[in-house]
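Participant: Coordinates in run_34.txt, compact mmCIF, C-alpha atoms, are listed below.
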```txt
# COMPACT_ATOMS: atom_id res chain seq x y z
CA MET A 6 12.91 22.03 48.96
CA LEU A 7 13.90 20.65 45.59
CA GLU A 8 16.59 22.66 43.87
CA ILE A 9 16.46 22.95 40.12
CA ASP A 10 19.93 23.29 38.64
CA THR A 11 20.88 24.19 35.09
CA LEU A 12 21.64 20.58 34.13
CA THR A 13 18.18 19.46 35.23
CA ILE A 14 16.50 22.22 33.21
CA ILE A 15 18.50 21.33 30.08
CA ALA A 16 17.83 17.60 30.50
CA CYS A 17 14.10 18.18 31.01
CA CYS A 18 13.92 20.42 27.93
CA ILE A 19 15.72 17.83 25.78
CA VAL A 20 13.49 14.92 26.77
CA LEU A 21 10.35 17.07 26.36
CA PHE A 22 11.44 18.33 22.95
CA CYS A 23 12.30 14.82 21.67
CA THR A 24 9.04 13.42 22.99
CA ILE A 25 6.90 16.11 21.36
CA ALA A 26 8.83 15.71 18.09
CA ALA A 27 8.30 11.92 18.20
CA CYS A 28 4.56 12.49 18.74
CA VAL A 29 4.26 14.88 15.79
CA PHE A 30 6.55 13.00 13.37
CA ASN A 31 4.19 10.09 13.33
CA PRO A 32 2.86 8.17 10.28
CA PHE A 33 -0.55 7.97 11.96
CA PHE A 34 -0.69 11.57 13.23
CA LYS A 35 -3.01 12.74 10.46
CA ARG A 36 -5.96 10.54 9.59
CA VAL A 37 -6.42 9.37 6.00
CA ARG A 38 -9.50 10.87 4.37
CA THR A 39 -10.96 10.56 0.90
CA ASN A 40 -10.43 13.59 -1.32
CA LEU A 41 -13.49 12.95 -3.49
CA THR A 42 -15.86 15.89 -3.91
CA LYS A 43 -19.34 14.86 -2.82
CA GLY A 44 -21.86 14.46 -5.61
CA GLU A 45 -19.44 13.19 -8.25
CA ILE A 46 -21.06 10.81 -10.73
CA PHE A 47 -19.37 8.32 -13.03
CA GLU A 48 -20.06 9.75 -16.49
CA ASP A 49 -18.15 7.40 -18.79
CA GLU A 50 -19.75 4.58 -20.74
CA GLY A 51 -18.14 1.83 -18.70
CA ILE A 52 -15.11 0.44 -16.86
CA SER A 53 -12.62 -2.29 -17.75
CA ILE A 54 -11.14 -4.44 -14.98
CA ILE A 55 -7.85 -6.24 -15.69
CA PHE A 56 -6.54 -9.37 -13.95
CA THR A 57 -3.09 -10.82 -14.61
CA PRO A 58 -2.87 -14.27 -12.94
CA HIS A 59 0.21 -16.42 -12.61
CA ASP A 60 -0.53 -19.98 -11.45
CA GLN A 61 -3.59 -18.68 -9.58
CA ALA A 62 -6.37 -20.82 -11.02
CA ARG A 63 -8.02 -21.50 -7.66
CA LYS A 64 -8.03 -17.84 -6.65
CA LEU A 65 -9.54 -16.86 -10.00
CA GLU A 66 -12.22 -19.53 -9.64
CA ASN A 67 -13.12 -18.23 -6.18
CA HIS A 68 -12.80 -14.49 -6.71
CA LEU A 69 -13.66 -13.77 -10.34
CA PRO A 70 -17.41 -14.55 -9.96
CA LEU A 71 -17.57 -11.95 -7.16
CA PHE A 72 -16.39 -9.31 -9.62
CA LEU A 73 -18.55 -10.56 -12.47
CA ASN A 74 -21.61 -10.41 -10.20
CA GLN A 75 -21.27 -6.70 -9.42
CA ASN A 76 -24.40 -4.55 -9.56
CA PHE A 77 -23.09 -1.69 -11.68
CA ASP A 78 -25.22 1.09 -13.15
CA LYS A 79 -23.11 1.27 -16.33
CA LYS A 80 -21.33 -1.29 -18.51
CA PHE A 81 -18.22 -3.14 -17.40
CA GLN A 82 -15.95 -5.86 -18.72
CA ILE A 83 -13.40 -8.08 -17.04
CA ILE A 84 -10.22 -8.85 -18.94
CA VAL A 85 -8.00 -11.72 -17.83
CA VAL A 86 -4.59 -12.04 -19.47
CA ALA A 87 -3.25 -15.51 -18.62
CA GLU A 88 -0.14 -17.40 -19.63
CA ARG A 89 -0.14 -19.97 -22.41
CA GLY A 90 0.52 -23.36 -20.86
CA ASP A 91 -1.27 -22.59 -17.57
CA ASN A 92 -3.94 -25.18 -18.30
CA ASP A 93 -5.68 -24.98 -14.92
CA THR A 94 -6.26 -21.24 -15.32
CA ILE A 95 -7.40 -21.66 -18.92
CA ASP A 96 -9.92 -24.34 -17.88
CA VAL A 97 -11.33 -22.01 -15.21
CA LEU A 98 -11.61 -19.15 -17.71
CA LYS A 99 -13.39 -21.35 -20.26
CA ARG A 100 -15.98 -22.40 -17.68
CA LEU A 101 -16.57 -18.84 -16.51
CA LYS A 102 -16.70 -17.55 -20.08
CA GLY A 103 -19.48 -20.02 -20.82
CA GLU A 104 -21.42 -18.78 -17.81
CA TRP A 105 -20.86 -15.01 -18.08
CA GLY A 106 -20.45 -14.47 -21.82
CA ASP A 107 -19.37 -11.01 -23.01
CA LYS A 108 -18.70 -9.73 -19.49
CA LEU A 109 -15.53 -11.82 -19.47
CA TYR A 110 -12.76 -11.66 -22.05
CA TYR A 111 -9.48 -13.53 -21.81
CA THR A 112 -6.34 -13.81 -23.87
CA LEU A 113 -2.97 -15.54 -23.54
CA ILE A 114 0.70 -14.55 -23.62
CA PRO A 115 3.74 -16.76 -24.28
CA GLU A 116 4.97 -18.80 -21.31
CA SER A 117 8.16 -16.77 -21.03
CA SER A 118 9.26 -13.24 -21.84
CA ARG A 119 12.94 -12.38 -22.16
CA TYR A 120 12.99 -8.61 -22.40
CA MET A 121 9.84 -7.65 -20.48
CA SER A 122 8.29 -9.04 -17.33
CA ARG A 123 5.27 -11.28 -17.79
CA LYS A 124 3.19 -9.08 -15.50
CA LYS A 125 3.86 -5.89 -17.43
CA LEU A 126 3.24 -7.64 -20.73
CA GLN A 127 -0.05 -8.99 -19.38
CA ILE A 128 -1.14 -5.53 -18.23
CA THR A 129 -0.15 -3.91 -21.54
CA LEU A 130 -2.13 -6.44 -23.57
CA GLY A 131 -5.07 -6.04 -21.20
CA VAL A 132 -5.06 -2.26 -21.63
CA LYS A 133 -5.01 -2.58 -25.41
CA ALA A 134 -7.96 -4.98 -25.27
CA ALA A 135 -10.02 -2.71 -23.00
CA HIS A 136 -13.26 -1.29 -24.39
CA TYR A 137 -13.42 1.58 -21.91
CA ASN A 138 -11.04 4.40 -21.02
CA TRP A 139 -11.11 3.95 -17.25
CA ILE A 140 -9.24 0.80 -16.21
CA LEU A 141 -9.04 -0.84 -12.80
CA LEU A 142 -5.98 -3.03 -12.28
CA VAL A 143 -6.75 -5.70 -9.67
CA ASP A 144 -4.74 -8.62 -8.35
CA PRO A 145 -6.33 -12.12 -8.45
CA THR A 146 -5.70 -12.43 -4.71
CA ASN A 147 -8.28 -9.68 -4.04
CA ARG A 148 -12.03 -9.98 -3.62
CA PRO A 149 -14.88 -7.46 -3.11
CA GLN A 150 -16.89 -7.54 0.08
CA SER A 151 -20.21 -6.74 -1.58
CA GLU A 152 -21.96 -6.51 -4.93
CA GLY A 153 -21.84 -2.72 -4.70
CA TRP A 154 -18.05 -2.42 -4.77
CA LEU A 155 -17.81 -1.37 -8.43
CA ASN A 156 -20.55 1.24 -8.06
CA ALA A 157 -18.73 2.68 -5.05
CA ILE A 158 -15.26 2.90 -6.57
CA SER A 159 -16.54 4.13 -9.95
CA GLN A 160 -17.45 7.46 -8.31
CA TYR A 161 -13.71 8.11 -8.10
CA CYS A 162 -13.26 7.68 -11.87
CA THR A 163 -14.02 11.25 -12.90
CA HIS A 164 -12.94 13.61 -15.66
CA LYS A 165 -11.11 15.76 -13.10
CA ASN A 166 -8.54 13.14 -12.07
CA ASN A 167 -6.43 10.61 -13.94
CA LEU A 168 -5.58 8.12 -11.15
CA VAL A 169 -7.46 6.29 -8.43
CA MET A 170 -5.56 4.80 -5.51
CA GLY A 171 -7.65 1.93 -4.19
CA VAL A 172 -7.36 0.23 -0.82
CA THR A 173 -6.79 -3.46 -0.15
CA MET A 174 -6.64 -5.00 3.30
CA TYR A 175 -5.37 -8.45 4.22
CA ASP A 176 -8.05 -10.81 5.51
CA GLU A 177 -8.15 -12.11 9.09
CA ALA A 178 -6.18 -15.24 8.21
CA THR A 179 -3.12 -12.96 7.93
CA SER A 180 -1.06 -12.30 11.05
CA GLU A 181 -1.82 -9.12 12.98
CA TYR A 182 1.65 -7.70 12.43
CA LYS A 183 1.46 -8.05 8.65
CA ARG A 184 -1.94 -6.37 8.59
CA PHE A 185 -0.60 -3.59 10.83
CA GLU A 186 2.49 -3.00 8.69
CA HIS A 187 0.39 -2.96 5.53
CA ILE A 188 -1.80 -0.20 6.98
CA LEU A 189 1.16 1.74 8.40
CA ARG A 190 2.86 1.89 4.99
CA SER A 191 -0.35 2.60 3.08
CA CYS A 192 -1.30 5.54 5.33
CA ASP A 193 1.79 7.47 4.26
CA PHE A 194 1.21 6.68 0.57
CA MET A 195 -2.45 7.75 0.72
CA LYS A 196 -1.78 11.00 2.57
CA ARG A 197 0.90 11.99 0.05
CA ALA A 198 -1.43 11.15 -2.82
CA THR A 199 -3.86 13.91 -1.86
CA LYS A 200 -1.26 16.34 -3.27
CA LEU A 201 1.08 14.35 -5.51
CA ALA A 202 1.06 10.56 -5.38
CA PHE A 203 4.40 8.84 -4.94
CA SER A 204 3.79 5.09 -4.72
CA THR A 205 1.46 2.43 -3.35
CA ASN A 206 1.67 -0.92 -1.59
CA MET A 207 -1.87 -1.96 -2.52
CA HIS A 208 -2.91 -4.04 -5.52
CA LEU A 209 -5.78 -1.88 -6.71
CA ILE A 210 -5.34 1.20 -8.88
CA GLY A 211 -7.35 2.98 -11.53
CA PHE A 212 -5.87 4.76 -14.55
CA LYS A 213 -6.84 5.89 -18.04
CA LYS A 214 -6.18 3.87 -21.18
CA ASP A 215 -5.46 6.87 -23.42
CA GLU A 216 -2.75 8.21 -21.07
CA PHE A 217 -1.18 4.78 -20.66
CA LEU A 218 -0.88 4.32 -24.42
CA ALA A 219 0.18 7.91 -25.11
CA GLN A 220 3.05 7.67 -22.59
CA GLU A 221 4.09 4.19 -23.74
CA GLY A 222 2.90 2.28 -20.71
CA PHE A 223 5.76 0.89 -18.63
CA ARG A 224 8.59 2.60 -20.50
CA GLY A 225 11.16 3.42 -17.84
CA ASN A 226 10.40 0.29 -15.83
CA LEU A 227 10.61 -2.51 -18.39
CA GLN A 228 13.78 -4.02 -16.94
CA LEU A 229 12.21 -4.95 -13.59
CA ILE A 230 10.12 -8.08 -13.09
CA ARG A 231 7.68 -6.49 -10.63
CA GLY A 232 6.80 -3.07 -9.23
CA GLU A 233 4.01 -2.41 -11.73
CA TYR A 234 1.52 -0.87 -9.28
CA ASN A 235 3.87 1.61 -7.63
CA PHE A 236 5.51 2.47 -10.96
CA LEU A 237 2.15 3.31 -12.59
CA ILE A 238 1.28 5.58 -9.67
CA ASN A 239 4.71 7.21 -9.75
CA LYS A 240 4.83 7.77 -13.51
CA TYR A 241 1.28 8.94 -14.18
CA ALA A 242 0.56 10.95 -11.02
CA LYS A 243 -0.27 14.62 -11.46
CA ARG A 244 -0.54 17.20 -8.73
CA ASN A 245 -4.04 16.96 -7.22
CA GLY A 246 -4.86 14.37 -9.87
CA THR A 247 -5.16 11.25 -7.69
CA LEU A 248 -8.27 10.34 -5.71
CA ILE A 249 -8.11 8.09 -2.64
CA ALA A 250 -10.88 5.47 -2.55
CA CYS A 251 -10.63 4.66 1.16
CA GLU A 252 -14.30 4.42 2.05
CA PRO A 253 -15.31 0.99 3.48
CA GLU A 254 -17.44 -0.03 0.49
CA CYS A 255 -14.45 0.54 -1.87
CA ILE A 256 -12.02 -1.69 0.04
CA LEU A 257 -11.01 -5.10 -1.34
CA LEU A 258 -9.93 -7.98 0.88
CA GLU A 259 -6.63 -9.61 0.00
CA ASP A 260 -5.75 -13.23 0.71
CA LYS A 261 -3.11 -14.10 3.27
CA PRO A 262 0.34 -13.84 1.65
CA THR A 263 2.66 -16.81 1.91
CA LYS A 264 5.98 -16.39 3.68
CA LYS A 265 7.74 -16.28 0.29
CA THR A 266 5.26 -13.77 -1.13
CA TRP A 267 5.66 -11.48 1.89
CA LYS A 268 9.44 -11.58 1.56
CA TYR A 269 9.46 -10.79 -2.15
CA LEU A 270 6.87 -8.03 -1.80
CA HIS A 271 9.48 -6.16 0.23
CA LEU A 272 12.44 -7.09 -1.96
CA TYR A 273 10.70 -6.11 -5.21
CA ASP A 274 9.64 -2.86 -3.55
CA LEU A 275 13.26 -2.07 -2.69
CA ALA A 276 14.35 -2.96 -6.23
CA SER A 277 11.75 -0.66 -7.79
CA LYS A 278 12.78 2.37 -5.72
CA ALA A 279 15.77 2.88 -8.03
CA VAL A 280 13.53 3.87 -10.96
CA LEU A 281 10.94 5.92 -9.06
CA ASP A 282 10.86 9.70 -8.93
CA ARG A 283 10.23 11.81 -5.81
CA THR A 284 11.77 9.29 -3.40
CA ILE A 285 13.84 11.65 -1.22
CA ARG A 286 11.09 13.32 0.83
CA PRO A 287 9.13 10.13 1.60
CA LYS A 288 12.33 8.35 2.60
CA LEU A 289 13.40 11.27 4.79
CA TRP A 290 9.98 11.40 6.46
CA LYS A 291 9.91 7.65 7.16
CA ASN A 292 13.44 7.65 8.58
CA THR A 293 12.76 10.72 10.71
CA CYS A 294 9.62 9.12 12.19
CA ASN A 295 11.45 5.92 13.07
CA VAL A 296 14.61 7.58 14.41
CA LEU A 297 12.70 10.06 16.58
CA LEU A 298 10.49 7.33 18.04
CA HIS A 299 13.43 5.19 19.13
CA THR A 300 15.62 8.14 20.14
CA SER A 301 12.89 9.59 22.33
CA LEU A 302 12.14 6.26 24.00
CA CYS A 303 15.83 5.48 24.66
CA LEU A 304 16.49 9.00 25.90
CA ASN A 305 13.56 8.85 28.33
CA ILE A 306 14.60 5.44 29.65
CA PHE A 307 18.13 6.73 30.16
CA ALA A 308 16.74 9.81 31.94
CA VAL A 309 14.72 7.60 34.30
CA ILE A 310 17.76 5.46 35.18
CA TYR A 311 20.03 8.51 35.57
CA SER A 312 17.55 10.41 37.72
CA ILE A 313 17.06 7.41 40.04
CA LEU A 314 20.81 7.01 40.50
CA LYS A 315 21.26 10.75 41.13
CA GLU A 316 18.00 11.06 43.13
CA ASN A 317 16.86 13.80 40.76
CA PHE A 318 13.11 13.50 41.25
CA ILE A 319 12.23 16.43 38.99
CA LEU A 320 13.92 14.80 36.00
CA LEU A 321 12.43 11.45 37.02
CA GLY A 322 8.92 12.90 37.00
CA ILE A 323 9.43 14.62 33.63
CA ALA A 324 10.91 11.45 32.08
CA ILE A 325 8.04 9.26 33.31
CA PHE A 326 5.54 11.85 32.07
CA CYS A 327 7.25 11.90 28.65
CA ILE A 328 7.17 8.11 28.33
CA ALA A 329 3.47 8.13 29.20
CA LEU A 330 2.83 10.97 26.74
CA LEU A 331 4.79 9.26 23.94
CA PHE A 332 2.96 5.96 24.29
CA SER A 333 -0.42 7.65 24.75
CA ILE A 334 -0.18 9.83 21.62
CA ARG A 335 1.30 7.09 19.45
CA TRP A 336 -1.27 4.61 20.75
CA ILE A 337 -4.26 6.94 20.22
CA THR A 338 -3.23 7.97 16.70
CA ALA A 339 -2.36 4.40 15.63
CA ASN A 340 -5.58 3.07 17.11
CA LYS A 341 -7.72 5.54 15.15
CA ALA A 342 -5.85 5.08 11.88
CA VAL A 343 -5.63 1.29 11.98
CA HIS A 344 -9.21 0.70 13.13
CA GLN A 345 -10.40 2.90 10.28
CA PHE A 346 -9.49 -0.07 8.06
CA ASP A 347 -9.16 -3.11 10.35
CA SER A 348 -10.95 -3.27 13.69
CA ASN A 349 -9.58 -6.71 14.59
CA ILE A 350 -5.96 -5.75 15.27
CA SER A 351 -5.14 -5.78 18.98
CA THR A 352 -5.01 -2.24 20.34
CA PHE A 353 -2.58 -3.26 23.07
CA LYS A 354 -0.03 -4.65 20.59
CA MET A 355 0.10 -1.65 18.24
CA PRO A 356 2.89 0.30 20.01
CA PHE A 357 5.06 -2.81 20.04
CA TYR A 358 4.35 -3.53 16.37
CA GLU A 359 5.39 0.03 15.57
CA LEU A 360 8.61 -0.30 17.57
CA THR A 361 9.61 -3.46 15.70
CA PHE A 362 8.78 -2.03 12.26
CA ILE A 363 12.17 -0.39 11.67
CA TRP A 364 14.05 -3.57 12.58
CA ARG A 365 11.97 -5.68 10.22
CA ILE A 366 12.56 -3.17 7.42
CA LEU A 367 16.30 -3.26 8.08
CA TYR A 368 16.14 -7.04 7.93
CA HIS A 369 14.47 -6.89 4.49
CA LYS A 370 17.14 -4.44 3.32
CA TRP A 371 19.81 -6.87 4.51
CA GLN A 372 18.07 -9.64 2.53
CA TYR A 373 17.99 -7.42 -0.54
CA LEU A 374 21.71 -6.58 -0.28
CA ARG A 375 22.53 -10.29 -0.10
CA ALA A 376 20.19 -11.25 -2.96
CA ASP A 377 21.22 -11.81 -6.57
CA LYS A 378 20.05 -8.62 -8.32
CA ASN A 379 19.34 -10.65 -11.48
CA ASP A 380 16.37 -12.11 -9.57
CA PHE A 381 14.62 -8.74 -9.95
CA THR A 382 15.26 -8.06 -13.63
CA SER A 383 13.92 -9.49 -16.87
CA HIS A 384 17.18 -8.67 -18.71
CA LYS A 385 19.03 -11.89 -18.00
CA LEU A 386 21.39 -11.86 -20.95
```
Go through the file and emit its structure as structure tokens.

Facilitator:
Amino acid sequence: MLEIDTLTIIACCIVLFCTIAACVFNPFFKRVRTNLTKGEIFEDEGISIIFTPHDQARKLENHLPLFLNQNFDKKFQIIVVAERGDNDTIDVLKRLKGEWGDKLYYTLIPESSRYMSRKKLQITLGVKAAHYNWILLVDPTNRPQSEGWLNAISQYCTHKNNLVMGVTMYDEATSEYKRFEHILRSCDFMKRATKLAFSTNMHLIGFKKDEFLAQEGFRGNLQLIRGEYNFLINKYAKRNGTLIACEPECILLEDKPTKKTWKYLHLYDLASKAVLDRTIRPKLWKNTCNVLLHTSLCLNIFAVIYSILKENFILLGIAIFCIALLFSIRWITANKAVHQFDSNISTFKMPFYELTFIWRILYHKWQYLRADKNDFTSHKL
């Protein structure tokens, strides 16, 4: 007969507790769902869509007609705020203006801005030029998947909310890991937004012109070059005032980021955290999820090795069961959450992508610590 001693009972309880905790503290444990009340109808006169390109003439030429060609029940205008001196972009805008007329409006800013980032200046000018109160801020790297995109996302622009958190997904040219990480991070942001939005990693948000002007736009974030999307969400979010437009017809596809773009997306995100509110709980949640995952896995592997050496087959069985449970729960939850947005990411690779996530984040933090902090500010006096 197998004898169960006190040490075995304690060890089994510890590995079971850590495994269950690692299953529950899981960024994919709760599925993202839209918080739009069914039957909502867009009641405003129209919507303004703002683009702020920077040396992106080709992307504008390819993507802008897809937005201009939307079948929308109400009025809409597209505002492009380009940089003076970007002749390729200006040539594209002139051609499209001749084709689409009043649907497209464009204006120019100076080539350089000393005390305010170009992006934030572009957005501010675009907001002031907008005809309609509801504004969608979209990156030139994004494109709609159908002509019904604007009709679909407009249902989220209601009188009851003041923000819309849109969803963008990288196209299939992007590596699987980058697409996986993008979804992993966005799931946490979207779930928090159902109560009180904190931030976003997606380049599609909706906000109201009157609130933006009344609260002086980017005041509080003017010193940073980037971080405009997550700052707008952080500053203007109200409790239960943000709707999540995560239905398939609302999703925009985003072009594959270059290696440099991917790096600076993370570095600018780290730089912007210093001026955001409500950062403690999200940071604590993310760290707890990552620490518990790795602690549980290491503890179970150690328990397997120890139990084999000591011929403790009860602990060995519990440890093997816990490893199977951990991978099963994390795999099932990740599979459901990720395939809600991207069905082409390998199911088999997801647990390994999740295990490497913390190390990649630490690597980006190391890059940020080594970087010249003046690279992230517009105040280069």

Participant: Find the nearest atom pair between each residue of segment 188-237 of chain A and segment 261-277 of chain A for residues within 12 Å, count only C-alpha atoms, give distances in Å to one decimal, sort rows by chain and ascending number, and present the table as a Markdown table.

Facilitator:
```
| residue | atom | partner | partner_atom | distance |
| --- | --- | --- | --- | --- |
| A:Arg190 | CA | A:His271 | CA | 11.5 |
| A:Ser204 | CA | A:Asp274 | CA | 9.9 |
| A:Thr205 | CA | A:Asp274 | CA | 9.7 |
| A:Asn206 | CA | A:Asp274 | CA | 8.4 |
| A:Met207 | CA | A:Leu270 | CA | 10.7 |
| A:His208 | CA | A:Leu270 | CA | 11.2 |
| A:Gly225 | CA | A:Ser277 | CA | 10.9 |
| A:Asn226 | CA | A:Ser277 | CA | 8.2 |
| A:Leu227 | CA | A:Ser277 | CA | 10.8 |
| A:Gln228 | CA | A:Ser277 | CA | 10.0 |
| A:Leu229 | CA | A:Ser277 | CA | 7.2 |
| A:Ile230 | CA | A:Tyr273 | CA | 8.1 |
| A:Arg231 | CA | A:Tyr273 | CA | 6.2 |
| A:Gly232 | CA | A:Ser277 | CA | 5.7 |
| A:Glu233 | CA | A:Ser277 | CA | 8.9 |
| A:Tyr234 | CA | A:Asp274 | CA | 10.1 |
| A:Asn235 | CA | A:Ser277 | CA | 8.2 |
| A:Phe236 | CA | A:Ser277 | CA | 7.7 |
| A:Leu237 | CA | A:Ser277 | CA | 11.4 |
```

Participant: Place a sphere of radius 7 Å on (-10.6, -2.7, -14.1) in the file coordinates and name every protein, DNA or RNA residue with an atom inside or on its surface, counting all atoms listed in the file; give the answer as a PyMOL selection string.

Facilitator: chain A and resi 52-55+83+140-143

Participant: How about saving the chosen residues, C-alpha atoms kept, as a tab-separated table (two decimals), keeping the file's coordinate frame?

Facilitator:
```tsv
chain	number	residue	atom	x	y	z
A	52	ILE	CA	-15.11	0.44	-16.86
A	53	SER	CA	-12.62	-2.29	-17.75
A	54	ILE	CA	-11.14	-4.44	-14.98
A	55	ILE	CA	-7.85	-6.24	-15.69
A	83	ILE	CA	-13.40	-8.08	-17.04
A	140	ILE	CA	-9.24	0.80	-16.21
A	141	LEU	CA	-9.04	-0.84	-12.80
A	142	LEU	CA	-5.98	-3.03	-12.28
A	143	VAL	CA	-6.75	-5.70	-9.67
```

Participant: A:Ile238, A:Leu314, A:Leu321, A:Ala178: which is nearest Leu258 of chain A, counting all atoms listed in the file?

Facilitator: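 Among the listed residues, the smallest separation from Leu258 of chain A belongs to A:Ala178.
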
Participant: Could you give me, as a list in words, the residues within 9 Å of Gly51 of chain A, counting all atoms listed in the file and dropping anything in the same chain fewer than 6 positions from it?

Facilitator: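 Everything that qualifies: Lys79, Lys80, Phe81, Gln82, His136, Tyr137, Asn138 and Trp139 of chain A.
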
Participant: List every residue of segment 55-74 of chain A that has an atom at most 8 Å from any atom of segment 150-167 of chain A, giving for each one its closest atom pair and the distance in Å to one decimal, counting only C-alpha atoms, sorted by chain and then by ascending residue number, as a Markdown table.

Facilitator:
```
| residue | atom | partner | partner_atom | distance |
| --- | --- | --- | --- | --- |
| A:Leu71 | CA | A:Glu152 | CA | 7.3 |
| A:Phe72 | CA | A:Glu152 | CA | 7.8 |
| A:Asn74 | CA | A:Glu152 | CA | 6.6 |
```

Participant: Grab the atom CA of Val343 of chain A to atom CA of Trp290 of chain A distance for me, in Å with one decimal place.

Facilitator: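 Taking atom CA of Val343 of chain A as the start and atom CA of Trp290 of chain A as the end point, the length is 19.4 Å.
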
Participant: List the residues sitting within 10 Å of (3.8, 7.7, -5.1) in the file's frame, using only C-alpha atoms, as a tab-separated table (two decimals) with C-alpha atoms, in the coordinates of the input.

Facilitator:
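See part-v3.tsv below for the written result:
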```
chain	number	residue	atom	x	y	z
A	170	MET	CA	-5.56	4.80	-5.51
A	193	ASP	CA	1.79	7.47	4.26
A	194	PHE	CA	1.21	6.68	0.57
A	195	MET	CA	-2.45	7.75	0.72
A	197	ARG	CA	0.90	11.99	0.05
A	198	ALA	CA	-1.43	11.15	-2.82
A	201	LEU	CA	1.08	14.35	-5.51
A	202	ALA	CA	1.06	10.56	-5.38
A	203	PHE	CA	4.40	8.84	-4.94
A	204	SER	CA	3.79	5.09	-4.72
A	205	THR	CA	1.46	2.43	-3.35
A	206	ASN	CA	1.67	-0.92	-1.59
A	234	TYR	CA	1.52	-0.87	-9.28
A	235	ASN	CA	3.87	1.61	-7.63
A	236	PHE	CA	5.51	2.47	-10.96
A	237	LEU	CA	2.15	3.31	-12.59
A	238	ILE	CA	1.28	5.58	-9.67
A	239	ASN	CA	4.71	7.21	-9.75
A	240	LYS	CA	4.83	7.77	-13.51
A	241	TYR	CA	1.28	8.94	-14.18
A	242	ALA	CA	0.56	10.95	-11.02
A	247	THR	CA	-5.16	11.25	-7.69
A	281	LEU	CA	10.94	5.92	-9.06
A	282	ASP	CA	10.86	9.70	-8.93
A	283	ARG	CA	10.23	11.81	-5.81
A	284	THR	CA	11.77	9.29	-3.40
A	287	PRO	CA	9.13	10.13	1.60
```

Participant: Taking all atoms listed in the file into account, name the residue in A:Arg123, A:Lys108, A:Arg335, A:Arg36 that is nearest to Glu359 of chain A.

Facilitator: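 Among A:Arg123, A:Lys108, A:Arg335, A:Arg36, it is A:Arg335 that comes nearest to Glu359 of chain A.
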
Participant: Quick one: everything within 12 Å of Phe307 of chain A, counting only C-alpha atoms, minus sequence neighbours fewer than 2 positions away in the same chain. Send it as a PyMOL selection string.

Facilitator: chain A and resi 16+20+300-305+309-314+320-321+324-325+328

Participant: Taking into account only C-alpha atoms, which residue in the set A:Ser122, A:Thr39, A:Asn76, A:Asn317 is nearest to Cys192 of chain A?

Facilitator: A:Thr39

Participant: Env of Ile256 of chain A: 10 Å cut, atoms = all atoms listed in the file, seq-sep filter 4 positions within chain, self excluded. Answer as a count of residues only.

Facilitator: 17

Participant: List the spatial neighbours of segment 92-100 of chain A as a PyMOL selection string - criterion: any atom at most 9 Å away, only C-alpha atoms, same-chain residues fewer than 4 positions off excluded.

Facilitator: chain A and resi 58-63+65-66+85+87-88+104-105+109-111+113

Participant: One decimal, in Å: what's the spacing between atom CA of Tyr373 of chain A and atom CA of Asp176 of chain A?

Facilitator: 26.9 Å

Participant: So how many Å separate atom CA of Glu259 of chain A and atom CA of Tyr182 of chain A, to one decimal?

Facilitator: 15.1 Å

Participant: With distances taken over all atoms listed in the file, which of A:Phe22, A:Phe185, A:Trp364, A:Phe33 is nearest to Ser348 of chain A?

Facilitator: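 Closest residue, counting all atoms listed in the file: A:Phe185.
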
Participant: As a short mmCIF file (atom, residue, chain, number, x, y, z; two decimals), in the coordinates of the input, could you write out segment 268-277 of chain A once it has been completed with N, CA and C atoms?

Facilitator:
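Everything below was put into part.cif:
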```
data_model
loop_
_atom_site.label_atom_id
_atom_site.label_comp_id
_atom_site.auth_asym_id
_atom_site.auth_seq_id
_atom_site.Cartn_x
_atom_site.Cartn_y
_atom_site.Cartn_z
N LYS A 268 8.03 -11.94 1.70
CA LYS A 268 9.44 -11.58 1.56
C LYS A 268 9.68 -10.84 0.25
N TYR A 269 9.17 -11.39 -0.85
CA TYR A 269 9.46 -10.79 -2.15
C TYR A 269 8.66 -9.51 -2.40
N LEU A 270 7.55 -9.32 -1.72
CA LEU A 270 6.87 -8.03 -1.80
C LEU A 270 7.81 -6.91 -1.35
N HIS A 271 8.55 -7.16 -0.27
CA HIS A 271 9.48 -6.16 0.23
C HIS A 271 10.72 -6.04 -0.66
N LEU A 272 11.23 -7.15 -1.14
CA LEU A 272 12.44 -7.09 -1.96
C LEU A 272 12.17 -6.43 -3.31
N TYR A 273 11.05 -6.76 -3.94
CA TYR A 273 10.70 -6.11 -5.21
C TYR A 273 10.43 -4.62 -5.00
N ASP A 274 9.87 -4.27 -3.85
CA ASP A 274 9.64 -2.86 -3.55
C ASP A 274 10.96 -2.11 -3.46
N LEU A 275 11.94 -2.70 -2.80
CA LEU A 275 13.26 -2.07 -2.69
C LEU A 275 13.92 -1.96 -4.06
N ALA A 276 13.75 -2.99 -4.89
CA ALA A 276 14.35 -2.96 -6.23
C ALA A 276 13.74 -1.87 -7.09
N SER A 277 12.44 -1.64 -6.94
CA SER A 277 11.75 -0.66 -7.79
C SER A 277 12.05 0.77 -7.40
#
```
